[in-house]
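File shown here: entry-v9.cif, holding mmCIF, C-alpha atoms.
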```cif
data_work
loop_
_atom_site.label_atom_id
_atom_site.label_comp_id
_atom_site.auth_asym_id
_atom_site.auth_seq_id
_atom_site.Cartn_x
_atom_site.Cartn_y
_atom_site.Cartn_z
CA MET R 1 -12.21 -2.32 10.80
CA LYS R 2 -11.99 -0.02 7.79
CA VAL R 3 -14.85 -1.73 5.98
CA LYS R 4 -17.09 -1.73 9.07
CA LEU R 5 -16.46 1.97 9.68
CA GLN R 6 -17.13 2.76 6.01
CA THR R 7 -20.42 0.89 5.81
CA SER R 8 -22.00 1.11 9.28
CA THR R 9 -23.43 3.98 11.30
CA HIS R 10 -23.16 1.92 14.49
CA TYR R 11 -19.57 2.86 15.24
CA THR R 12 -18.32 6.20 16.54
CA GLY R 13 -14.66 5.65 15.78
CA LEU R 14 -11.64 3.37 15.72
CA ASN R 15 -11.70 2.53 19.44
CA HIS R 16 -15.42 1.70 19.30
CA VAL R 17 -15.16 -0.67 16.34
CA PHE R 18 -12.04 -2.33 17.77
CA SER R 19 -13.63 -3.03 21.16
CA ASP R 20 -16.92 -4.14 19.60
CA ILE R 21 -15.27 -6.67 17.28
CA LEU R 22 -13.08 -7.98 20.10
CA LYS R 23 -16.06 -8.36 22.45
CA LYS R 24 -18.47 -9.98 19.99
CA GLU R 25 -16.19 -11.98 17.71
CA GLY R 26 -12.87 -12.32 19.50
CA LEU R 27 -9.53 -12.07 17.75
CA THR R 28 -10.83 -14.03 14.76
CA GLY R 29 -13.23 -11.18 14.01
CA PHE R 30 -10.33 -9.01 12.88
CA TYR R 31 -9.54 -11.57 10.18
CA ARG R 32 -13.06 -12.06 8.81
CA GLY R 33 -12.91 -12.01 5.03
CA VAL R 34 -9.13 -12.31 4.97
CA GLN R 35 -9.37 -15.47 2.82
CA SER R 36 -10.37 -13.42 -0.20
CA PRO R 37 -7.38 -11.02 -0.28
CA LEU R 38 -5.02 -13.84 0.71
CA THR R 39 -6.32 -16.03 -2.11
CA GLY R 40 -6.11 -13.21 -4.62
CA LEU R 41 -2.95 -11.55 -3.32
CA PHE R 42 -0.56 -13.41 -5.60
CA ALA R 43 -2.72 -12.82 -8.67
CA MET R 44 -3.26 -9.13 -7.82
CA ASN R 45 0.41 -8.36 -7.17
CA ALA R 46 1.56 -10.37 -10.17
CA ALA R 47 -0.93 -8.55 -12.41
CA LEU R 48 -0.15 -5.13 -10.91
CA PHE R 49 3.63 -5.25 -11.10
CA SER R 50 3.57 -6.95 -14.50
CA ALA R 51 1.22 -4.27 -15.83
CA TYR R 52 3.44 -1.57 -14.33
CA GLY R 53 6.53 -2.97 -16.04
CA TRP R 54 4.65 -3.25 -19.34
CA ALA R 55 3.28 0.30 -18.99
CA LYS R 56 6.74 1.73 -18.34
CA ARG R 57 8.04 0.09 -21.52
CA LEU R 58 4.97 1.31 -23.41
CA ILE R 59 5.66 4.89 -22.34
CA GLY R 60 9.29 4.60 -23.40
CA GLU R 61 11.48 3.37 -20.57
CA THR R 62 14.61 1.44 -21.49
CA PRO R 63 17.56 0.30 -19.34
CA ALA R 64 19.47 3.34 -20.60
CA THR R 65 16.63 5.87 -20.38
CA PRO R 66 14.51 5.74 -17.21
CA LEU R 67 11.25 7.63 -17.07
CA ASP R 68 10.84 10.99 -15.40
CA ASN R 69 8.45 11.14 -12.45
CA ALA R 70 5.48 12.07 -14.63
CA GLY R 71 6.12 8.90 -16.60
CA TYR R 72 5.90 6.80 -13.44
CA TRP R 73 2.56 8.40 -12.59
CA LYS R 74 1.29 7.56 -16.08
CA ALA R 75 2.54 3.98 -15.86
CA GLY R 76 0.91 3.57 -12.45
CA PHE R 77 -2.38 4.88 -13.83
CA ILE R 78 -2.34 2.30 -16.63
CA ALA R 79 -1.36 -0.52 -14.25
CA GLY R 80 -4.09 0.43 -11.79
CA PHE R 81 -6.73 0.38 -14.51
CA CYS R 82 -5.63 -3.08 -15.65
CA VAL R 83 -5.45 -4.68 -12.20
CA ALA R 84 -8.94 -3.44 -11.27
CA PHE R 85 -10.38 -6.38 -13.22
CA VAL R 86 -8.48 -8.76 -10.91
CA GLU R 87 -8.87 -6.79 -7.69
CA GLY R 88 -12.59 -6.04 -8.13
CA PRO R 89 -13.86 -9.58 -7.41
CA VAL R 90 -11.36 -10.05 -4.57
CA ASP R 91 -12.58 -6.86 -2.87
CA LEU R 92 -16.21 -7.80 -3.48
CA PHE R 93 -15.93 -11.17 -1.71
CA LYS R 94 -14.03 -9.54 1.16
CA CYS R 95 -16.67 -6.84 1.62
CA GLN R 96 -19.51 -9.35 1.47
CA LEU R 97 -17.88 -11.58 4.09
CA GLN R 98 -17.16 -8.67 6.42
CA THR R 99 -20.52 -6.92 6.21
CA ARG R 100 -22.91 -9.85 5.57
CA PRO R 101 -21.31 -12.69 7.61
CA ALA R 102 -24.59 -14.44 8.43
CA GLU R 103 -25.20 -15.18 4.75
CA TYR R 104 -21.98 -17.06 3.99
CA LYS R 105 -20.09 -19.96 5.52
CA GLY R 106 -16.74 -18.71 4.24
CA PHE R 107 -14.85 -17.44 1.23
CA VAL R 108 -15.58 -20.39 -1.08
CA ASN R 109 -19.27 -20.35 -0.18
CA CYS R 110 -19.44 -16.59 -0.76
CA ALA R 111 -17.74 -16.78 -4.16
CA THR R 112 -19.76 -19.77 -5.41
CA SER R 113 -23.01 -18.30 -4.13
CA ILE R 114 -22.54 -15.00 -5.96
CA LEU R 115 -21.26 -16.65 -9.13
CA SER R 116 -24.07 -19.22 -9.22
CA GLN R 117 -26.74 -16.55 -8.79
CA ARG R 118 -25.34 -13.78 -10.98
CA GLY R 119 -22.62 -15.35 -13.12
CA ILE R 120 -19.36 -13.56 -13.82
CA ALA R 121 -21.19 -10.22 -13.76
CA GLY R 122 -21.92 -10.81 -10.08
CA ALA R 123 -18.21 -10.85 -9.29
CA TYR R 124 -17.89 -7.39 -10.82
CA GLN R 125 -20.42 -5.63 -8.60
CA GLY R 126 -18.82 -2.21 -8.02
CA ILE R 127 -16.36 -2.43 -10.91
CA ILE R 128 -16.98 1.20 -11.97
CA PRO R 129 -15.90 2.75 -8.64
CA THR R 130 -13.09 0.18 -8.50
CA LEU R 131 -11.76 1.55 -11.79
CA TRP R 132 -12.23 5.13 -10.57
CA ARG R 133 -10.25 4.24 -7.45
CA ASN R 134 -7.52 2.04 -8.88
CA ALA R 135 -6.24 4.12 -11.78
CA PRO R 136 -5.49 7.38 -9.90
CA SER R 137 -4.50 5.64 -6.65
CA ASN R 138 -1.88 3.49 -8.35
CA ALA R 139 -0.64 6.53 -10.24
CA ALA R 140 -0.05 8.15 -6.83
CA TRP R 141 1.33 4.90 -5.36
CA TYR R 142 4.05 4.42 -7.92
CA GLY R 143 4.59 8.13 -8.49
CA MET R 144 5.16 8.87 -4.81
CA TYR R 145 7.32 5.78 -4.39
CA GLU R 146 9.60 6.64 -7.29
CA TRP R 147 9.74 10.29 -6.23
CA ALA R 148 10.68 9.35 -2.64
CA ARG R 149 13.41 7.02 -3.87
CA GLU R 150 14.83 9.71 -6.14
CA ALA R 151 14.70 12.31 -3.35
CA GLN R 152 16.92 10.20 -1.11
CA LEU R 153 19.74 9.75 -3.64
CA LYS R 154 23.06 11.44 -3.04
CA GLU R 155 25.34 12.60 -5.83
CA GLY R 156 26.66 9.67 -7.80
CA GLN R 157 24.15 7.18 -6.39
CA THR R 158 21.62 5.14 -8.31
CA ARG R 159 18.36 3.78 -6.96
CA LYS R 160 20.00 0.38 -6.49
CA ASP R 161 22.33 1.97 -3.93
CA LEU R 162 19.52 2.79 -1.49
CA ALA R 163 19.50 0.98 1.85
CA GLN R 164 16.55 -1.20 2.78
CA TRP R 165 15.25 1.36 5.28
CA GLN R 166 15.25 3.99 2.53
CA VAL R 167 13.18 1.70 0.31
CA MET R 168 10.81 1.24 3.25
CA LEU R 169 10.42 5.02 3.60
CA ALA R 170 9.69 5.33 -0.10
CA GLY R 171 7.20 2.46 0.04
CA GLY R 172 5.45 4.00 3.02
CA ALA R 173 5.23 7.32 1.17
CA GLY R 174 3.70 5.50 -1.77
CA GLY R 175 1.11 3.88 0.51
CA MET R 176 0.12 7.20 2.03
CA GLY R 177 -0.13 8.73 -1.44
CA TYR R 178 -2.36 5.87 -2.57
CA TRP R 179 -4.98 6.28 0.15
CA CYS R 180 -4.88 10.05 0.56
CA SER R 181 -5.48 10.53 -3.16
CA ILE R 182 -8.71 8.54 -3.47
CA TYR R 183 -10.15 7.71 -0.06
CA PRO R 184 -13.68 9.08 -0.66
CA ILE R 185 -13.93 6.96 -3.82
CA ASP R 186 -12.89 3.92 -1.80
CA VAL R 187 -15.76 4.59 0.62
CA ILE R 188 -18.19 4.65 -2.32
CA LYS R 189 -16.69 1.46 -3.74
CA THR R 190 -16.92 -0.38 -0.42
CA THR R 191 -20.50 0.81 0.07
CA ILE R 192 -21.57 -0.57 -3.31
CA GLN R 193 -19.68 -3.84 -2.91
CA SER R 194 -21.23 -4.39 0.52
CA ASP R 195 -24.74 -4.01 -0.91
CA ASN R 196 -27.02 -6.97 -1.67
CA PRO R 197 -25.73 -9.10 -4.60
CA ASP R 198 -29.30 -9.29 -5.91
CA PRO R 199 -29.90 -6.13 -8.00
CA ALA R 200 -33.61 -6.15 -7.08
CA GLN R 201 -32.77 -5.81 -3.38
CA ARG R 202 -29.95 -3.28 -3.55
CA LYS R 203 -30.05 0.00 -1.69
CA TYR R 204 -27.79 1.80 -4.15
CA ARG R 205 -28.44 2.15 -7.88
CA GLY R 206 -24.88 3.06 -8.75
CA MET R 207 -21.91 5.24 -7.94
CA LEU R 208 -23.72 8.59 -8.11
CA ASP R 209 -26.67 7.33 -6.08
CA ALA R 210 -24.33 5.90 -3.41
CA SER R 211 -22.48 9.23 -3.26
CA ARG R 212 -25.73 11.13 -2.85
CA GLN R 213 -27.01 8.84 -0.09
CA ILE R 214 -23.70 8.91 1.81
CA TYR R 215 -23.72 12.71 1.71
CA PHE R 216 -27.36 13.04 2.79
CA GLU R 217 -26.91 10.57 5.65
CA HIS R 218 -23.47 11.61 6.92
CA GLY R 219 -22.39 14.82 5.20
CA VAL R 220 -18.85 15.31 3.92
CA ARG R 221 -17.48 13.35 6.90
CA GLY R 222 -19.20 10.26 5.53
CA PHE R 223 -16.64 10.07 2.75
CA PHE R 224 -13.81 9.78 5.28
CA ARG R 225 -15.19 7.10 7.59
CA GLY R 226 -12.55 4.48 8.35
CA LEU R 227 -9.63 6.67 7.31
CA ALA R 228 -7.75 6.26 10.61
CA PRO R 229 -7.24 2.46 10.50
CA CYS R 230 -6.51 2.71 6.79
CA LEU R 231 -3.66 5.19 7.28
CA LEU R 232 -2.30 3.28 10.30
CA ARG R 233 -1.94 0.25 8.04
CA ALA R 234 -0.84 2.07 4.89
CA PHE R 235 2.74 2.97 5.79
CA PRO R 236 4.04 -0.35 7.19
CA ALA R 237 2.10 -2.54 4.74
CA ASN R 238 3.36 -0.71 1.67
CA ALA R 239 6.88 -0.35 3.05
CA ALA R 240 7.00 -4.14 3.29
CA THR R 241 5.46 -4.57 -0.18
CA PHE R 242 8.10 -2.49 -1.92
CA VAL R 243 10.99 -4.03 0.03
CA ALA R 244 9.79 -7.44 -1.18
CA TYR R 245 9.31 -6.10 -4.71
CA GLU R 246 12.83 -4.67 -4.90
CA ALA R 247 14.27 -7.89 -3.46
CA VAL R 248 12.58 -9.93 -6.20
CA ILE R 249 13.74 -7.49 -8.90
CA SER R 250 17.30 -7.71 -7.55
CA VAL R 251 17.26 -11.52 -7.73
CA LEU R 252 15.83 -11.49 -11.26
CA ASP R 253 18.46 -8.96 -12.41
CA LYS R 254 21.26 -11.14 -11.02
CA ASN R 255 19.88 -14.19 -12.81
CA ARG R 256 19.92 -12.28 -16.10
CA GLU R 257 23.60 -11.37 -15.71
#
```
Represent the structure of the file as structure tokens.
Amino acid sequence: MKVKLQTSTHYTGLNHVFSDILKKEGLTGFYRGVQSPLTGLFAMNAALFSAYGWAKRLIGETPATPLDNAGYWKAGFIAGFCVAFVEGPVDLFKCQLQTRPAEYKGFVNCATSILSQRGIAGAYQGIIPTLWRNAPSNAAWYGMYEWAREAQLKEGQTRKDLAQWQVMLAGGAGGMGYWCSIYPIDVIKTTIQSDNPDPAQRKYRGMLDASRQIYFEHGVRGFFRGLAPCLLRAFPANAATFVAYEAVISVLDKNRE
């Protein structure tokens, strides 16, 4: 629903797009393009959390000296920049499937079609706004998460003492920080990635041109289309992500002991 609201002038709001998808495509319409993020989810999360761990060590974290909150923001920025090169193609195939469904038979057909026509460069359509989105958004994601965890600690507690529901609250805060920090850039990114894969037939010449056209067509509100379904998803999805992340870290720490 987010992508459709971001890229189409047909819909007036969340209720309209929900009812329209349900009427025309049934329940399966809500999962159009899901093969791309599902296929790339493992690679994206592995790259993101690995890059975050590496960035924290690069900045100076050790088991005895954790980073301050500014350090977590910096590490998140570095991790977000790195993972953009994995996430960019995944987002591109998802956007193409959701906004140009008549042109593809599915995820594999979409990916092979774009790659055969444009090569590896075709998979990186929209990489510049993806970088502009990912670096600051992941800085906010990790920074807000680590801040929310720290804020819940009582005297004498460490972060490992937090209950699962407290980790969920921190994860949800991180998710809200992610989207609220960069949402207009995400609209620009989605707009460019939903454009024709053939450069000769594209409507938008780049990030600045897309920004200009969005503003002229929709005003400032155009940069916030689709925000409602995005925020409704952000808290629970990211709460679950960080609970899983901390569970994996806990298992790995026990295996090292």
Next on the checklist: What's the separation between atom CA of Asp186 of chain R and atom CA of Tyr142 of chain R, in Å to one decimal place?
Outcome noted: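 Going from atom CA of Asp186 of chain R over to atom CA of Tyr142 of chain R covers 18.0 Å.
One distance worth recording is that between atom CA of Ala47 of chain R and atom CA of Gly174 of chain R, which is 18.2 Å.
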Item to check | Residue neighbourhood Thr191 of chain R, 12 Å, only C-alpha atoms, exclusion window fewer than 5 positions, as a PyMOL selection string | outcome: chain R and resi 2-8+91-92+95-96+98-99+125-126+129-130+184-186+196+202-214+222-223+225
Take the residues that were just selected and, keeping C-alpha atoms, output them as a short mmCIF file (atom, residue, chain, number, x, y, z; two decimals), in the frame of the given file.
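Produced file again_18.cif, reproduced below:
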```cif
data_model
loop_
_atom_site.label_atom_id
_atom_site.label_comp_id
_atom_site.auth_asym_id
_atom_site.auth_seq_id
_atom_site.Cartn_x
_atom_site.Cartn_y
_atom_site.Cartn_z
CA LYS R 2 -11.99 -0.02 7.79
CA VAL R 3 -14.85 -1.73 5.98
CA LYS R 4 -17.09 -1.73 9.07
CA LEU R 5 -16.46 1.97 9.68
CA GLN R 6 -17.13 2.76 6.01
CA THR R 7 -20.42 0.89 5.81
CA SER R 8 -22.00 1.11 9.28
CA ASP R 91 -12.58 -6.86 -2.87
CA LEU R 92 -16.21 -7.80 -3.48
CA CYS R 95 -16.67 -6.84 1.62
CA GLN R 96 -19.51 -9.35 1.47
CA GLN R 98 -17.16 -8.67 6.42
CA THR R 99 -20.52 -6.92 6.21
CA GLN R 125 -20.42 -5.63 -8.60
CA GLY R 126 -18.82 -2.21 -8.02
CA PRO R 129 -15.90 2.75 -8.64
CA THR R 130 -13.09 0.18 -8.50
CA PRO R 184 -13.68 9.08 -0.66
CA ILE R 185 -13.93 6.96 -3.82
CA ASP R 186 -12.89 3.92 -1.80
CA ASN R 196 -27.02 -6.97 -1.67
CA ARG R 202 -29.95 -3.28 -3.55
CA LYS R 203 -30.05 0.00 -1.69
CA TYR R 204 -27.79 1.80 -4.15
CA ARG R 205 -28.44 2.15 -7.88
CA GLY R 206 -24.88 3.06 -8.75
CA MET R 207 -21.91 5.24 -7.94
CA LEU R 208 -23.72 8.59 -8.11
CA ASP R 209 -26.67 7.33 -6.08
CA ALA R 210 -24.33 5.90 -3.41
CA SER R 211 -22.48 9.23 -3.26
CA ARG R 212 -25.73 11.13 -2.85
CA GLN R 213 -27.01 8.84 -0.09
CA ILE R 214 -23.70 8.91 1.81
CA GLY R 222 -19.20 10.26 5.53
CA PHE R 223 -16.64 10.07 2.75
CA ARG R 225 -15.19 7.10 7.59
#
```
Item to check | Given the PyMOL selection byres ((chain R and resi 108-112) around 12), the residues it picks as a PyMOL selection string | outcome: chain R and resi 33-36+39+89-107+113-120+122-124+197
Checklist entry - Rounded to one decimal in Å, what is the spacing between atom CA of Phe81 of chain R and atom CA of Ile127 of chain R? => result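 For atom CA of Phe81 of chain R relative to atom CA of Ile127 of chain R, the distance reads 10.7 Å.
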Checklist outcome for this item: Judged by all atoms listed in the file, the minimum distance to Ala228 of chain R among R:Ala148, R:Ala46, R:Met176, R:Val83 is found for R:Met176
Since I can't run it myself right now, could you work out what the PyMOL selection byres ((chain R and resi 58) around 12) selects here and report it as a CSV table (one decimal) with C-alpha atoms, in the frame of the given file?
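Everything below was put into result16.csv:
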```csv
chain,number,residue,atom,x,y,z
R,51,ALA,CA,1.2,-4.3,-15.8
R,52,TYR,CA,3.4,-1.6,-14.3
R,53,GLY,CA,6.5,-3.0,-16.0
R,54,TRP,CA,4.6,-3.2,-19.3
R,55,ALA,CA,3.3,0.3,-19.0
R,56,LYS,CA,6.7,1.7,-18.3
R,57,ARG,CA,8.0,0.1,-21.5
R,59,ILE,CA,5.7,4.9,-22.3
R,60,GLY,CA,9.3,4.6,-23.4
R,61,GLU,CA,11.5,3.4,-20.6
R,62,THR,CA,14.6,1.4,-21.5
R,67,LEU,CA,11.2,7.6,-17.1
R,71,GLY,CA,6.1,8.9,-16.6
R,72,TYR,CA,5.9,6.8,-13.4
R,74,LYS,CA,1.3,7.6,-16.1
R,75,ALA,CA,2.5,4.0,-15.9
R,76,GLY,CA,0.9,3.6,-12.4
R,78,ILE,CA,-2.3,2.3,-16.6
R,79,ALA,CA,-1.4,-0.5,-14.2
```
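The smallest atom-to-atom distance between Gly177 of chain R and any of R:Asp161, R:Asp195, R:Glu155, R:Glu146, using all atoms listed in the file, is found for R:Glu146.
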Checklist entry - Residues at most 7 Å from segment 137-141 of chain R, counting only C-alpha atoms, excluding those fewer than 2 positions away in the same chain, as a list in words? => result Trp73, Lys74, Ala75, Gly76, Phe77, Gly80, Arg133, Asn134, Ala135, Gly143, Met144, Tyr145, Gly174, Gly175, Gly177, Tyr178, Trp179, Ser181 and Ile182 of chain R
Checklist entry - If you count all atoms listed in the file, which residues fall within 9 Å of Trp165 of chain R, apart from same-chain ones fewer than 3 positions away, as a VMD selection string? => result chain R and resid 162 168 to 170 239 243
Next on the checklist: From the options R:Gly219, R:Pro236, R:Gly88, R:Gly156, which residue's atoms come nearest to Ala121 of chain R, counting only C-alpha atoms?
Outcome noted: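 When distances to Ala121 of chain R are compared using only C-alpha atoms, the smallest one comes from R:Gly88.
With all atoms listed in the file as the atoms that count, the minimum distance from Glu87 of chain R to the choices R:Thr158, R:Gln164, R:Thr65, R:Asn45 is reached by R:Asn45.
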Test item: axis-aligned box, all listed atoms of segment 69-81 of chain R, 8 Å on each side, centre and edges in Å rounded to one decimal, as lines of an AutoDock Vina configuration file:
```
center_x = 0.9
center_y = 5.8
center_z = -14.2
size_x = 31.2
size_y = 28.6
size_z = 20.8
```
